[in-house]
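Chemist: This is protein-v9.cif, which holds mmCIF, C-alpha atoms (C1' of nucleotides):
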data_start
loop_
_atom_site.label_atom_id
_atom_site.label_comp_id
_atom_site.auth_asym_id
_atom_site.auth_seq_id
_atom_site.Cartn_x
_atom_site.Cartn_y
_atom_site.Cartn_z
CA MET A 496 64.51 -88.89 89.39
CA THR A 497 63.44 -86.35 86.88
CA GLU A 498 66.52 -84.18 86.58
CA PRO A 499 69.57 -86.31 86.04
CA GLN A 500 67.76 -87.26 82.89
CA LEU A 501 67.84 -83.69 81.65
CA GLY A 502 71.62 -83.67 81.68
CA ARG A 503 71.78 -87.02 79.97
CA GLN A 504 69.22 -86.03 77.43
CA LEU A 505 71.20 -82.98 76.51
CA LEU A 506 74.27 -85.11 75.94
CA ALA A 507 72.33 -87.71 74.01
CA ALA A 508 70.75 -85.06 71.82
CA HIS A 509 74.16 -83.56 71.15
CA ARG A 510 75.49 -86.93 70.06
CA ALA A 511 72.46 -87.62 67.93
CA LEU A 512 72.74 -84.36 66.04
CA ALA A 513 76.47 -84.74 65.59
CA ALA A 514 75.98 -88.24 64.23
CA GLU A 515 73.33 -87.01 61.83
CA LEU A 516 75.64 -84.32 60.52
CA VAL A 517 78.45 -86.79 60.01
CA LEU A 518 76.09 -89.10 58.16
CA GLU A 519 74.85 -86.29 56.00
CA LEU A 520 78.39 -85.38 55.04
CA GLU A 521 79.23 -88.98 54.32
CA GLU A 522 76.33 -89.28 51.95
CA ARG A 523 77.57 -86.20 50.17
CA GLY A 524 80.98 -87.77 49.69
CA TRP A 525 82.95 -86.36 52.62
CA PRO A 526 83.63 -89.31 54.84
CA GLU A 527 85.51 -89.33 58.11
CA LEU A 528 84.69 -85.78 58.86
CA ARG A 529 83.62 -85.06 62.39
CA ALA A 530 81.09 -82.51 63.50
CA SER A 531 83.70 -80.44 65.27
CA GLN A 532 85.69 -80.24 62.07
CA ALA A 533 82.69 -79.22 60.01
CA SER A 534 81.86 -76.62 62.57
CA LEU A 535 85.37 -75.19 62.35
CA VAL A 536 85.27 -74.96 58.58
CA LEU A 537 82.12 -72.90 58.85
CA ASN A 538 83.78 -70.53 61.29
CA VAL A 539 86.78 -69.59 59.19
CA ASP A 540 86.31 -66.27 57.43
CA ARG A 541 86.33 -67.02 53.75
CA ARG A 542 88.17 -63.89 52.74
CA SER A 543 90.80 -63.09 55.24
CA GLY A 544 91.04 -66.25 57.32
CA THR A 545 90.78 -66.29 61.08
CA ARG A 546 93.19 -66.59 63.96
CA LEU A 547 93.20 -69.67 66.13
CA THR A 548 92.28 -67.82 69.28
CA GLU A 549 89.37 -66.17 67.55
CA LEU A 550 88.15 -69.52 66.29
CA ALA A 551 88.36 -70.88 69.80
CA ARG A 552 86.40 -67.94 71.12
CA ARG A 553 83.68 -68.38 68.52
CA ALA A 554 83.33 -72.05 69.29
CA GLY A 555 83.46 -71.47 73.02
CA VAL A 556 86.40 -73.78 73.67
CA THR A 557 90.05 -73.39 74.60
CA LYS A 558 92.66 -72.61 72.01
CA GLN A 559 94.29 -75.96 72.77
CA ALA A 560 91.13 -77.80 71.85
CA MET A 561 90.76 -75.75 68.72
CA MET A 562 94.34 -76.40 67.72
CA VAL A 563 93.74 -80.12 67.53
CA VAL A 564 90.91 -79.60 65.09
CA VAL A 565 92.95 -77.21 62.96
CA ASP A 566 95.80 -79.73 62.93
CA GLU A 567 93.52 -82.43 61.62
CA LEU A 568 92.05 -80.26 58.92
CA GLU A 569 95.48 -79.03 57.92
CA VAL A 570 96.79 -82.57 57.48
CA ARG A 571 93.85 -83.32 55.25
CA GLY A 572 94.42 -80.22 53.22
CA PHE A 573 91.27 -78.29 53.99
CA VAL A 574 93.01 -75.51 55.78
CA ARG A 575 96.46 -74.03 56.13
CA ARG A 576 98.22 -71.77 58.58
CA THR A 577 99.87 -68.64 57.31
CA PRO A 578 101.75 -66.08 59.37
CA ASP A 579 99.74 -63.03 60.29
CA PRO A 580 101.39 -60.00 58.64
CA ASP A 581 100.04 -57.74 61.35
CA ASP A 582 101.24 -59.76 64.31
CA GLY A 583 104.34 -61.91 64.49
CA ARG A 584 102.90 -64.07 67.20
CA ALA A 585 99.76 -64.97 65.37
CA LYS A 586 98.97 -67.24 62.47
CA VAL A 587 95.94 -67.01 60.28
CA VAL A 588 93.92 -70.10 59.49
CA ARG A 589 92.73 -70.04 55.89
CA LEU A 590 90.62 -72.35 53.81
CA THR A 591 92.27 -73.97 50.82
CA ALA A 592 90.32 -74.43 47.60
CA ARG A 593 89.28 -77.85 48.78
CA GLY A 594 88.37 -76.34 52.10
CA ARG A 595 86.05 -73.87 50.45
CA THR A 596 84.32 -76.64 48.57
CA LEU A 597 83.93 -78.54 51.80
CA GLY A 598 82.56 -75.44 53.45
CA ALA A 599 79.78 -75.18 50.93
CA GLU A 600 78.91 -78.81 51.46
CA CYS A 601 78.92 -78.34 55.19
CA ARG A 602 76.49 -75.50 54.96
CA ARG A 603 74.13 -77.69 53.01
CA ALA A 604 74.53 -80.59 55.40
CA VAL A 605 73.91 -78.36 58.37
CA ALA A 606 70.83 -76.94 56.73
CA ALA A 607 69.54 -80.43 56.08
CA VAL A 608 69.97 -81.51 59.69
CA GLU A 609 68.40 -78.34 60.91
CA ALA A 610 65.44 -78.75 58.61
CA ARG A 611 64.92 -82.32 59.73
CA THR A 612 65.12 -81.37 63.37
CA ARG A 613 62.74 -78.55 62.88
CA ARG A 614 60.33 -80.85 61.15
CA THR A 615 60.29 -83.49 63.85
CA LEU A 616 59.92 -80.86 66.52
CA GLY A 617 57.66 -78.38 64.88
CA GLY A 618 58.64 -74.78 64.41
CA ARG A 619 57.37 -73.54 67.73
CA ARG A 620 59.04 -76.21 69.80
CA TYR A 621 62.24 -75.81 67.81
CA GLU A 622 62.38 -72.11 68.47
CA GLY A 623 61.51 -72.75 72.08
CA LEU A 624 64.38 -75.19 72.38
CA ARG A 625 66.90 -72.74 71.00
CA GLU A 626 65.57 -69.98 73.17
CA ALA A 627 65.76 -72.13 76.27
CA LEU A 628 69.34 -73.15 75.52
CA ASP A 629 70.40 -69.59 74.83
CA LEU A 630 68.95 -68.46 78.10
CA LEU A 631 70.41 -71.35 80.04
CA LEU A 632 73.93 -70.81 78.75
CA GLU A 633 73.77 -67.07 79.02
CA THR A 634 72.86 -67.06 82.69
CA GLU A 635 75.30 -69.88 83.25
CA GLU A 636 78.27 -67.91 82.06
CA GLU A 637 77.24 -64.89 84.04
CA THR A 638 77.32 -66.99 87.17
CA ALA A 639 80.78 -68.26 86.28
CA MET M 1270 75.61 -71.01 60.52
CA THR M 1271 72.76 -71.42 62.90
CA GLU M 1272 72.73 -75.15 63.41
CA PRO M 1273 76.17 -76.31 64.42
CA GLN M 1274 75.55 -74.12 67.40
CA LEU M 1275 72.59 -76.20 68.43
CA GLY M 1276 74.76 -79.28 68.84
CA ARG M 1277 77.35 -77.32 70.74
CA GLN M 1278 74.79 -75.70 72.92
CA LEU M 1279 73.38 -79.05 73.88
CA LEU M 1280 76.82 -80.22 74.90
CA ALA M 1281 77.57 -77.02 76.77
CA ALA M 1282 74.28 -77.20 78.61
CA HIS M 1283 75.01 -80.78 79.56
CA ARG M 1284 78.37 -79.80 80.98
CA ALA M 1285 76.92 -76.85 82.82
CA LEU M 1286 74.24 -78.90 84.52
CA ALA M 1287 76.65 -81.69 85.39
CA ALA M 1288 79.06 -79.17 86.88
CA GLU M 1289 76.29 -77.63 88.91
CA LEU M 1290 75.29 -80.99 90.28
CA VAL M 1291 78.87 -81.82 91.25
CA LEU M 1292 79.19 -78.46 92.97
CA GLU M 1293 75.95 -78.96 94.82
CA LEU M 1294 77.14 -82.34 96.05
CA GLU M 1295 80.46 -80.89 97.10
CA GLU M 1296 78.80 -78.23 99.15
CA ARG M 1297 76.81 -80.92 100.88
CA GLY M 1298 79.97 -82.75 101.82
CA TRP M 1299 80.29 -85.33 99.04
CA PRO M 1300 83.33 -84.29 97.09
CA GLU M 1301 84.77 -85.97 94.06
CA LEU M 1302 81.51 -87.41 92.97
CA ARG M 1303 80.70 -87.15 89.32
CA ALA M 1304 77.32 -86.65 87.76
CA SER M 1305 77.32 -90.10 86.20
CA GLN M 1306 77.93 -91.64 89.59
CA ALA M 1307 75.16 -89.66 91.24
CA SER M 1308 72.87 -90.65 88.45
CA LEU M 1309 73.67 -94.30 88.98
CA VAL M 1310 72.99 -94.15 92.71
CA LEU M 1311 69.56 -92.78 91.94
CA ASN M 1312 68.84 -95.63 89.57
CA VAL M 1313 69.55 -98.49 91.94
CA ASP M 1314 66.36 -99.88 93.44
CA ARG M 1315 66.57 -99.22 97.13
CA ARG M 1316 64.92 -102.47 98.17
CA SER M 1317 66.07 -105.25 95.96
CA GLY M 1318 69.02 -103.78 94.13
CA THR M 1319 69.35 -103.76 90.38
CA ARG M 1320 71.29 -105.74 87.84
CA LEU M 1321 74.07 -104.12 85.89
CA THR M 1322 72.41 -104.65 82.55
CA GLU M 1323 69.21 -103.11 83.79
CA LEU M 1324 71.12 -100.08 85.07
CA ALA M 1325 72.77 -99.73 81.70
CA ARG M 1326 69.41 -99.94 79.98
CA ARG M 1327 67.91 -97.28 82.24
CA ALA M 1328 70.80 -94.93 81.65
CA GLY M 1329 70.84 -95.65 77.93
CA VAL M 1330 74.46 -96.75 77.80
CA THR M 1331 76.32 -100.00 77.30
CA LYS M 1332 76.85 -102.39 80.17
CA GLN M 1333 80.60 -101.87 79.83
CA ALA M 1334 80.19 -98.18 80.43
CA MET M 1335 77.94 -98.83 83.38
CA MET M 1336 80.40 -101.29 84.84
CA VAL M 1337 83.05 -98.63 85.15
CA VAL M 1338 80.74 -96.46 87.20
CA VAL M 1339 79.71 -99.36 89.40
CA ASP M 1340 83.37 -100.24 89.93
CA GLU M 1341 84.13 -96.74 91.13
CA LEU M 1342 81.21 -96.61 93.49
CA GLU M 1343 82.03 -100.05 94.81
CA VAL M 1344 85.61 -99.05 95.60
CA ARG M 1345 84.31 -96.09 97.52
CA GLY M 1346 81.87 -98.23 99.44
CA PHE M 1347 78.60 -96.82 98.17
CA VAL M 1348 77.51 -99.94 96.42
CA ARG M 1349 78.29 -103.64 96.41
CA ARG M 1350 77.73 -106.52 94.05
CA THR M 1351 75.96 -109.60 95.31
CA PRO M 1352 75.16 -112.71 93.31
CA ASP M 1353 71.64 -112.90 91.99
CA PRO M 1354 69.89 -115.88 93.60
CA ASP M 1355 67.59 -116.23 90.62
CA ASP M 1356 70.25 -116.25 87.94
CA GLY M 1357 73.75 -117.58 88.28
CA ARG M 1358 75.07 -115.32 85.58
CA ALA M 1359 73.82 -112.13 87.10
CA LYS M 1360 74.89 -109.98 90.02
CA VAL M 1361 72.74 -107.51 91.83
CA VAL M 1362 74.05 -104.05 92.55
CA ARG M 1363 72.91 -102.89 95.99
CA LEU M 1364 73.38 -99.70 97.93
CA THR M 1365 75.29 -99.93 101.17
CA ALA M 1366 74.18 -97.90 104.17
CA ARG M 1367 76.52 -95.14 103.07
CA GLY M 1368 75.15 -95.47 99.58
CA ARG M 1369 71.62 -94.91 100.81
CA THR M 1370 72.70 -91.79 102.65
CA LEU M 1371 74.37 -90.57 99.51
CA GLY M 1372 71.26 -91.38 97.54
CA ALA M 1373 69.17 -89.11 99.72
CA GLU M 1374 71.69 -86.32 99.29
CA CYS M 1375 71.74 -86.83 95.56
CA ARG M 1376 68.02 -86.51 95.36
CA ARG M 1377 68.22 -83.20 97.17
CA ALA M 1378 71.08 -81.96 95.02
CA VAL M 1379 69.24 -82.94 91.87
CA ALA M 1380 66.13 -81.19 93.09
CA ALA M 1381 68.14 -78.06 93.81
CA VAL M 1382 69.67 -77.98 90.35
CA GLU M 1383 66.33 -78.63 88.77
CA ALA M 1384 64.70 -75.85 90.76
CA ARG M 1385 67.40 -73.41 89.80
CA THR M 1386 67.16 -74.34 86.15
CA ARG M 1387 63.43 -74.03 86.23
CA ARG M 1388 63.71 -70.63 87.80
CA THR M 1389 66.13 -69.21 85.24
CA LEU M 1390 64.07 -70.63 82.41
CA GLY M 1391 60.59 -70.14 83.67
CA GLY M 1392 58.17 -73.02 84.04
CA ARG M 1393 56.81 -72.91 80.52
CA ARG M 1394 60.16 -72.82 78.82
CA TYR M 1395 61.48 -75.52 81.12
CA GLU M 1396 58.63 -77.85 80.27
CA GLY M 1397 59.05 -76.97 76.62
CA LEU M 1398 62.72 -77.88 76.78
CA ARG M 1399 62.03 -81.27 78.31
CA GLU M 1400 59.27 -81.94 75.85
CA ALA M 1401 61.46 -81.03 72.90
CA LEU M 1402 64.28 -83.25 74.09
CA ASP M 1403 61.94 -86.16 74.71
CA LEU M 1404 60.57 -85.83 71.23
CA LEU M 1405 63.94 -85.44 69.64
CA LEU M 1406 65.42 -88.51 71.29
CA GLU M 1407 62.34 -90.58 70.78
CA THR M 1408 62.19 -90.07 67.03
CA GLU M 1409 65.94 -90.42 66.89
CA GLU M 1410 65.95 -93.90 68.29
CA GLU M 1411 63.11 -94.95 66.05
CA THR M 1412 65.21 -93.98 63.08
CA ALA M 1413 68.12 -96.01 64.41
"C1'" DG W 23 114.27 -51.14 77.17
"C1'" DA W 24 112.04 -54.02 80.92
"C1'" DT W 25 107.37 -55.84 82.02
"C1'" DG W 26 103.16 -57.79 81.47
"C1'" DA W 27 99.81 -59.53 78.45
"C1'" DC W 28 98.95 -62.39 74.37
"C1'" DC W 29 99.69 -66.03 70.45
"C1'" DG W 30 100.37 -70.50 69.31
"C1'" DT W 31 102.25 -74.95 71.08
"C1'" DC W 32 103.59 -79.14 73.80
"C1'" DA W 33 102.38 -82.37 77.34
"C1'" DG W 34 99.36 -84.70 80.12
"C1'" DG W 35 94.48 -85.41 82.20
"C1'" DT W 36 89.42 -85.99 82.48
"C1'" DT W 37 84.72 -87.41 81.37
"C1'" DC W 38 81.69 -90.14 79.14
"C1'" DG W 39 81.19 -93.19 76.14
"C1'" DT W 40 82.20 -97.05 72.34
"C1'" DT W 41 83.42 -101.95 69.97
"C1'" DG W 42 85.18 -106.44 70.27
"C1'" DA W 43 86.30 -110.62 72.38
"C1'" DC W 44 85.87 -113.69 75.96
"C1'" DT W 45 83.91 -116.81 80.20
"C1'" DT W 46 80.21 -118.37 82.62
"C1'" DC W 47 75.75 -119.53 83.04
"C1'" DT W 48 70.58 -120.11 81.56
"C1'" DC W 49 66.99 -121.93 79.05
"C1'" DG W 50 64.26 -123.96 75.59
"C1'" DA W 51 64.04 -127.33 71.54
"C1'" DG W 52 65.02 -131.42 69.75
"C1'" DC O 286 68.95 -134.92 78.54
"C1'" DT O 287 71.97 -132.53 76.15
"C1'" DC O 288 73.27 -128.96 73.50
"C1'" DG O 289 73.37 -124.81 71.18
"C1'" DA O 290 71.60 -119.89 71.11
"C1'" DG O 291 72.12 -116.29 73.64
"C1'" DA O 292 72.31 -113.28 77.83
"C1'" DA O 293 75.20 -111.49 82.14
"C1'" DG O 294 79.25 -109.72 83.51
"C1'" DT O 295 84.05 -108.80 82.49
"C1'" DC O 296 88.74 -107.39 80.29
"C1'" DA O 297 91.07 -104.59 77.01
"C1'" DA O 298 91.59 -101.09 73.84
"C1'" DC O 299 90.02 -97.02 71.93
"C1'" DG O 300 87.64 -92.43 70.55
"C1'" DA O 301 85.77 -87.74 70.79
"C1'" DA O 302 85.71 -83.62 72.77
"C1'" DC O 303 87.22 -81.28 76.11
"C1'" DC O 304 90.47 -79.24 80.11
"C1'" DT O 305 94.75 -77.23 82.94
"C1'" DG O 306 99.49 -76.08 83.18
"C1'" DA O 307 103.79 -74.61 81.35
"C1'" DC O 308 106.59 -72.60 77.75
"C1'" DG O 309 109.04 -69.64 74.05
"C1'" DG O 310 108.44 -66.04 71.15
"C1'" DT O 311 106.11 -61.32 70.22
"C1'" DC O 312 103.69 -57.07 71.14
"C1'" DA O 313 102.71 -52.90 73.41
"C1'" DT O 314 103.39 -49.71 76.82
"C1'" DC O 315 105.30 -47.38 80.57
#
As structure tokens, please, write out the structure in this file.

Modeler:
Amino acid sequence: MTEPQLGRQLLAAHRALAAELVLELEERGWPELRASQASLVLNVDRRSGTRLTELARRAGVTKQAMMVVVDELEVRGFVRRTPDPDDGRAKVVRLTARGRTLGAECRRAVAAVEARTRRTLGGRRYEGLREALDLLLETEEETA
Amino acid sequence: MTEPQLGRQLLAAHRALAAELVLELEERGWPELRASQASLVLNVDRRSGTRLTELARRAGVTKQAMMVVVDELEVRGFVRRTPDPDDGRAKVVRLTARGRTLGAECRRAVAAVEARTRRTLGGRRYEGLREALDLLLETEEETA
DNA sequence: GATGACCGTCAGGTTCGTTGACTTCTCGAG
DNA sequence: CTCGAGAAGTCAACGAACCTGACGGTCATC
């Protein structure tokens, strides 16, 4: 009975943190922004922009999944796709001015959520949690 | 940059564990059984059966969500709904004979996954992980 | 200059969950 | 005793975050 809860708890915790981040962004005046979108904004290189495939790699998802998020952010004007001068196949995802502003806000929101989490958990437990997850995922992907 | 990873890691870990459980069940001869279904089987009281709403409460989801899982398991003959003699509104979800067999297998599969996780993490880290998640979810639902 | 790998894209699925709107039934207060 | 609040199960629609598979251009290399 003990274990199926672990899986569920992980999912529940994920949802809880995502919801907190969304709330945080809302309070800062960026409504209807999902956690996955915020996360993407933070992953785009501010100078040179970043290719879709690279973004997918960083986030650990497929390029198809990442594309959806880029599409959404592009429609809302936070990001735009420009052709990659070095590679005709590729496009570079860049932040617009608005996107950069959003990025700064996201960093603050993320920091706030992290701080809150750390506080409710205590520094040692928080570090332990991250360590455990790192280890779990690392050995998981070796197995795969 | 550190935090959005936490949320993702939680989700990834959830997926990894769920996948492991499904694989474990497959190897034991129960294919096409999802983690949520296994989890439900383990939550049905073996003697008297359990009401849908109670199952939903235990799993921490809505009754609508739980109904879908019960439907699936009922179609496959692991579970059946019987009217509750004590309450005309309610139905009691009971395991069939096949369902009980599956339940035993699920318990073993869950134990196997848990053991493996514990081994890769080490006992202390494993306990720490569970403790951290408990704490996180507990204070989360107080806030809500 | 053909061949295989790679980039972004389109199309369709999957898993796990949600909200809202009933119908049917229970139960306690007037 | 009835009658209204509310709970149990259900139907329908939807959402978020993913996935696999297939495809048309582009590169890089042999």

Chemist: Set the distance at 9 Å and use all atoms listed in the file: which residues neighbour Leu550 in chain A once local chain neighbours fewer than 4 positions away are removed? I'd like the list as a JSON list (two decimals) with C-alpha atoms, in the coordinates of the input.

Modeler:
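The new file result30.json reads:
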[["chain", "number", "residue", "atom", "x", "y", "z"],
["A", 535, "LEU", "CA", 85.37, -75.19, 62.35],
["A", 538, "ASN", "CA", 83.78, -70.53, 61.29],
["A", 539, "VAL", "CA", 86.78, -69.59, 59.19],
["A", 545, "THR", "CA", 90.78, -66.29, 61.08],
["A", 546, "ARG", "CA", 93.19, -66.59, 63.96],
["A", 554, "ALA", "CA", 83.33, -72.05, 69.29],
["A", 555, "GLY", "CA", 83.46, -71.47, 73.02],
["A", 556, "VAL", "CA", 86.40, -73.78, 73.67],
["A", 558, "LYS", "CA", 92.66, -72.61, 72.01],
["A", 561, "MET", "CA", 90.76, -75.75, 68.72],
["A", 588, "VAL", "CA", 93.92, -70.10, 59.49]]

Chemist: List the neighbours of DG42 in chain W out to 12 Å using only C-alpha atoms (C1' of nucleotides); skip same-chain residues closer than 3 positions along the sequence, and give me the result as a ChimeraX atom specification.

Modeler: /M:1333 /O:296-299

Chemist: Given a cut-off of 8 Å, which residues of chain A touch chain M, counting all atoms listed in the file, written out as a PyMOL selection string?

Modeler: chain A and resi 496+498-499+501-513+530+534+537+602+605-606+608-609+612+615-616+620-621+623-625+627-632+634-635

Chemist: Over every C-alpha pair, in sequence order, do a least-squares fit of chain M onto chain A and save the fitted chain as a short mmCIF file (atom, residue, chain, number, x, y, z; two decimals) with C-alpha atoms, keeping the file's coordinate frame.

Modeler:
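Listing of superposed.cif after writing:
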data_model
loop_
_atom_site.label_atom_id
_atom_site.label_comp_id
_atom_site.auth_asym_id
_atom_site.auth_seq_id
_atom_site.Cartn_x
_atom_site.Cartn_y
_atom_site.Cartn_z
CA MET M 1270 64.39 -88.69 89.52
CA THR M 1271 63.36 -86.27 86.86
CA GLU M 1272 66.43 -84.11 86.57
CA PRO M 1273 69.45 -86.29 86.02
CA GLN M 1274 67.65 -87.23 82.87
CA LEU M 1275 67.76 -83.68 81.63
CA GLY M 1276 71.55 -83.68 81.65
CA ARG M 1277 71.65 -87.03 79.94
CA GLN M 1278 69.11 -86.01 77.40
CA LEU M 1279 71.14 -82.98 76.48
CA LEU M 1280 74.17 -85.15 75.92
CA ALA M 1281 72.21 -87.72 73.96
CA ALA M 1282 70.67 -85.05 71.78
CA HIS M 1283 74.11 -83.62 71.13
CA ARG M 1284 75.39 -87.00 70.03
CA ALA M 1285 72.37 -87.64 67.88
CA LEU M 1286 72.69 -84.37 66.01
CA ALA M 1287 76.43 -84.76 65.58
CA ALA M 1288 75.93 -88.27 64.22
CA GLU M 1289 73.32 -87.02 61.81
CA LEU M 1290 75.63 -84.34 60.53
CA VAL M 1291 78.46 -86.82 60.02
CA LEU M 1292 76.11 -89.13 58.15
CA GLU M 1293 74.86 -86.31 55.98
CA LEU M 1294 78.43 -85.39 55.09
CA GLU M 1295 79.27 -88.99 54.33
CA GLU M 1296 76.38 -89.30 51.96
CA ARG M 1297 77.62 -86.22 50.18
CA GLY M 1298 81.02 -87.78 49.70
CA TRP M 1299 82.99 -86.38 52.65
CA PRO M 1300 83.67 -89.35 54.86
CA GLU M 1301 85.52 -89.37 58.12
CA LEU M 1302 84.71 -85.82 58.93
CA ARG M 1303 83.62 -85.11 62.44
CA ALA M 1304 81.11 -82.56 63.59
CA SER M 1305 83.74 -80.47 65.33
CA GLN M 1306 85.72 -80.27 62.13
CA ALA M 1307 82.71 -79.26 60.07
CA SER M 1308 81.89 -76.66 62.64
CA LEU M 1309 85.37 -75.23 62.41
CA VAL M 1310 85.27 -74.97 58.63
CA LEU M 1311 82.11 -72.94 58.93
CA ASN M 1312 83.75 -70.56 61.37
CA VAL M 1313 86.75 -69.62 59.26
CA ASP M 1314 86.22 -66.30 57.50
CA ARG M 1315 86.21 -67.07 53.82
CA ARG M 1316 88.02 -63.90 52.79
CA SER M 1317 90.69 -63.10 55.27
CA GLY M 1318 90.98 -66.24 57.33
CA THR M 1319 90.74 -66.31 61.09
CA ARG M 1320 93.17 -66.59 63.94
CA LEU M 1321 93.23 -69.68 66.09
CA THR M 1322 92.34 -67.83 69.25
CA GLU M 1323 89.40 -66.19 67.57
CA LEU M 1324 88.17 -69.58 66.34
CA ALA M 1325 88.46 -70.93 69.85
CA ARG M 1326 86.51 -67.98 71.19
CA ARG M 1327 83.74 -68.43 68.63
CA ALA M 1328 83.42 -72.11 69.40
CA GLY M 1329 83.62 -71.51 73.14
CA VAL M 1330 86.57 -73.81 73.73
CA THR M 1331 90.22 -73.40 74.62
CA LYS M 1332 92.78 -72.61 71.97
CA GLN M 1333 94.47 -75.94 72.70
CA ALA M 1334 91.30 -77.78 71.84
CA MET M 1335 90.87 -75.75 68.70
CA MET M 1336 94.44 -76.40 67.67
CA VAL M 1337 93.83 -80.12 67.50
CA VAL M 1338 90.97 -79.61 65.09
CA VAL M 1339 92.99 -77.22 62.96
CA ASP M 1340 95.85 -79.71 62.89
CA GLU M 1341 93.58 -82.43 61.58
CA LEU M 1342 92.07 -80.27 58.91
CA GLU M 1343 95.48 -79.01 57.89
CA VAL M 1344 96.80 -82.55 57.44
CA ARG M 1345 93.87 -83.32 55.22
CA GLY M 1346 94.42 -80.21 53.17
CA PHE M 1347 91.26 -78.29 53.99
CA VAL M 1348 92.98 -75.50 55.78
CA ARG M 1349 96.43 -73.98 56.09
CA ARG M 1350 98.19 -71.72 58.54
CA THR M 1351 99.82 -68.57 57.27
CA PRO M 1352 101.66 -66.00 59.34
CA ASP M 1353 99.65 -62.96 60.27
CA PRO M 1354 101.25 -59.90 58.65
CA ASP M 1355 99.89 -57.66 61.38
CA ASP M 1356 101.13 -59.65 64.33
CA GLY M 1357 104.25 -61.74 64.46
CA ARG M 1358 102.87 -63.97 67.15
CA ALA M 1359 99.73 -64.89 65.32
CA LYS M 1360 98.92 -67.18 62.42
CA VAL M 1361 95.89 -66.97 60.24
CA VAL M 1362 93.91 -70.08 59.47
CA ARG M 1363 92.69 -70.02 55.87
CA LEU M 1364 90.59 -72.37 53.81
CA THR M 1365 92.23 -73.97 50.82
CA ALA M 1366 90.28 -74.42 47.61
CA ARG M 1367 89.25 -77.86 48.80
CA GLY M 1368 88.35 -76.36 52.13
CA ARG M 1369 86.01 -73.88 50.48
CA THR M 1370 84.30 -76.68 48.60
CA LEU M 1371 83.91 -78.56 51.83
CA GLY M 1372 82.57 -75.45 53.48
CA ALA M 1373 79.77 -75.20 50.96
CA GLU M 1374 78.90 -78.84 51.50
CA CYS M 1375 78.93 -78.37 55.24
CA ARG M 1376 76.52 -75.52 55.00
CA ARG M 1377 74.15 -77.71 53.04
CA ALA M 1378 74.54 -80.63 55.42
CA VAL M 1379 73.93 -78.38 58.40
CA ALA M 1380 70.86 -76.94 56.74
CA ALA M 1381 69.55 -80.43 56.07
CA VAL M 1382 69.98 -81.53 59.67
CA GLU M 1383 68.42 -78.34 60.90
CA ALA M 1384 65.45 -78.75 58.58
CA ARG M 1385 64.90 -82.30 59.70
CA THR M 1386 65.11 -81.36 63.34
CA ARG M 1387 62.74 -78.51 62.83
CA ARG M 1388 60.31 -80.80 61.11
CA THR M 1389 60.26 -83.45 63.84
CA LEU M 1390 59.92 -80.79 66.50
CA GLY M 1391 57.67 -78.32 64.83
CA GLY M 1392 58.66 -74.70 64.36
CA ARG M 1393 57.40 -73.46 67.70
CA ARG M 1394 59.06 -76.13 69.75
CA TYR M 1395 62.26 -75.77 67.77
CA GLU M 1396 62.43 -72.06 68.43
CA GLY M 1397 61.55 -72.70 72.05
CA LEU M 1398 64.41 -75.16 72.35
CA ARG M 1399 66.93 -72.72 70.95
CA GLU M 1400 65.63 -69.95 73.13
CA ALA M 1401 65.81 -72.09 76.24
CA LEU M 1402 69.36 -73.16 75.50
CA ASP M 1403 70.45 -69.61 74.80
CA LEU M 1404 69.02 -68.48 78.08
CA LEU M 1405 70.45 -71.36 80.01
CA LEU M 1406 73.98 -70.87 78.71
CA GLU M 1407 73.84 -67.14 79.00
CA THR M 1408 72.92 -67.10 82.67
CA GLU M 1409 75.33 -69.94 83.25
CA GLU M 1410 78.32 -68.00 82.06
CA GLU M 1411 77.30 -64.96 84.03
CA THR M 1412 77.38 -67.06 87.15
CA ALA M 1413 80.85 -68.32 86.27
#

Chemist: Considering all atoms listed in the file, give me a table of residues in chain W that are at most 12 Å from chain M, with the closest atom pair and distance in Å for each, as a Markdown table.

Modeler:
| residue | atom | partner | partner_atom | distance |
| --- | --- | --- | --- | --- |
| W:DT36 | C1' | M:Arg1303 | CA | 11.1 |
| W:DT37 | C1' | M:Arg1303 | CA | 8.9 |
| W:DC38 | C1' | M:Ala1334 | CA | 8.3 |
| W:DG39 | C1' | M:Ala1334 | CA | 6.7 |
| W:DT40 | C1' | M:Thr1331 | CA | 8.2 |
| W:DT41 | C1' | M:Gln1333 | CA | 10.3 |
| W:DG42 | C1' | M:Gln1333 | CA | 11.5 |
| W:DT45 | C1' | M:Arg1358 | CA | 10.5 |
| W:DT46 | C1' | M:Arg1358 | CA | 6.7 |
| W:DC47 | C1' | M:Arg1358 | CA | 5.0 |
| W:DT48 | C1' | M:Asp1356 | CA | 7.5 |
| W:DC49 | C1' | M:Asp1356 | CA | 11.0 |

Chemist: Find the residues near Leu1371 in chain M: any atom within 12 Å, counting all atoms listed in the file, skip ones fewer than 5 places away on the same chain, and give them as a ChimeraX atom specification.

Modeler: /M:1294-1295,1297-1300,1302,1306-1311,1313,1315,1342,1345-1348,1364-1366,1376-1379

Chemist: Determine which residues of chain O sit within 12 Å of chain M, taking into account only C-alpha atoms (C1' of nucleotides), and present them as a list in words.

Modeler: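 Every residue of chain O that passes the 12 Å test is in DA292, DA293, DG294, DT295, DC296, DA297, DA302 and DC303 of chain O.
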
Chemist: Tell me, as a PyMOL selection string, which residues lie within 10 Å of DG306 in chain O, counting all atoms listed in the file; anything in the same chain fewer than 2 positions away does not count.

Modeler: (chain W and resi 33-34) or (chain O and resi 308)

Chemist: Could you please take those selected residues and save C-alpha atoms (C1' of nucleotides) as a PDB file, keeping the file's coordinate frame?

Modeler:
ATOM      1  C1'  DA W  33     102.380 -82.370  77.340  1.00  0.00           C
ATOM      2  C1'  DG W  34      99.360 -84.700  80.120  1.00  0.00           C
TER       3       DG W  34
ATOM      4  C1'  DC O 308     106.590 -72.600  77.750  1.00  0.00           C
TER       5       DC O 308
END
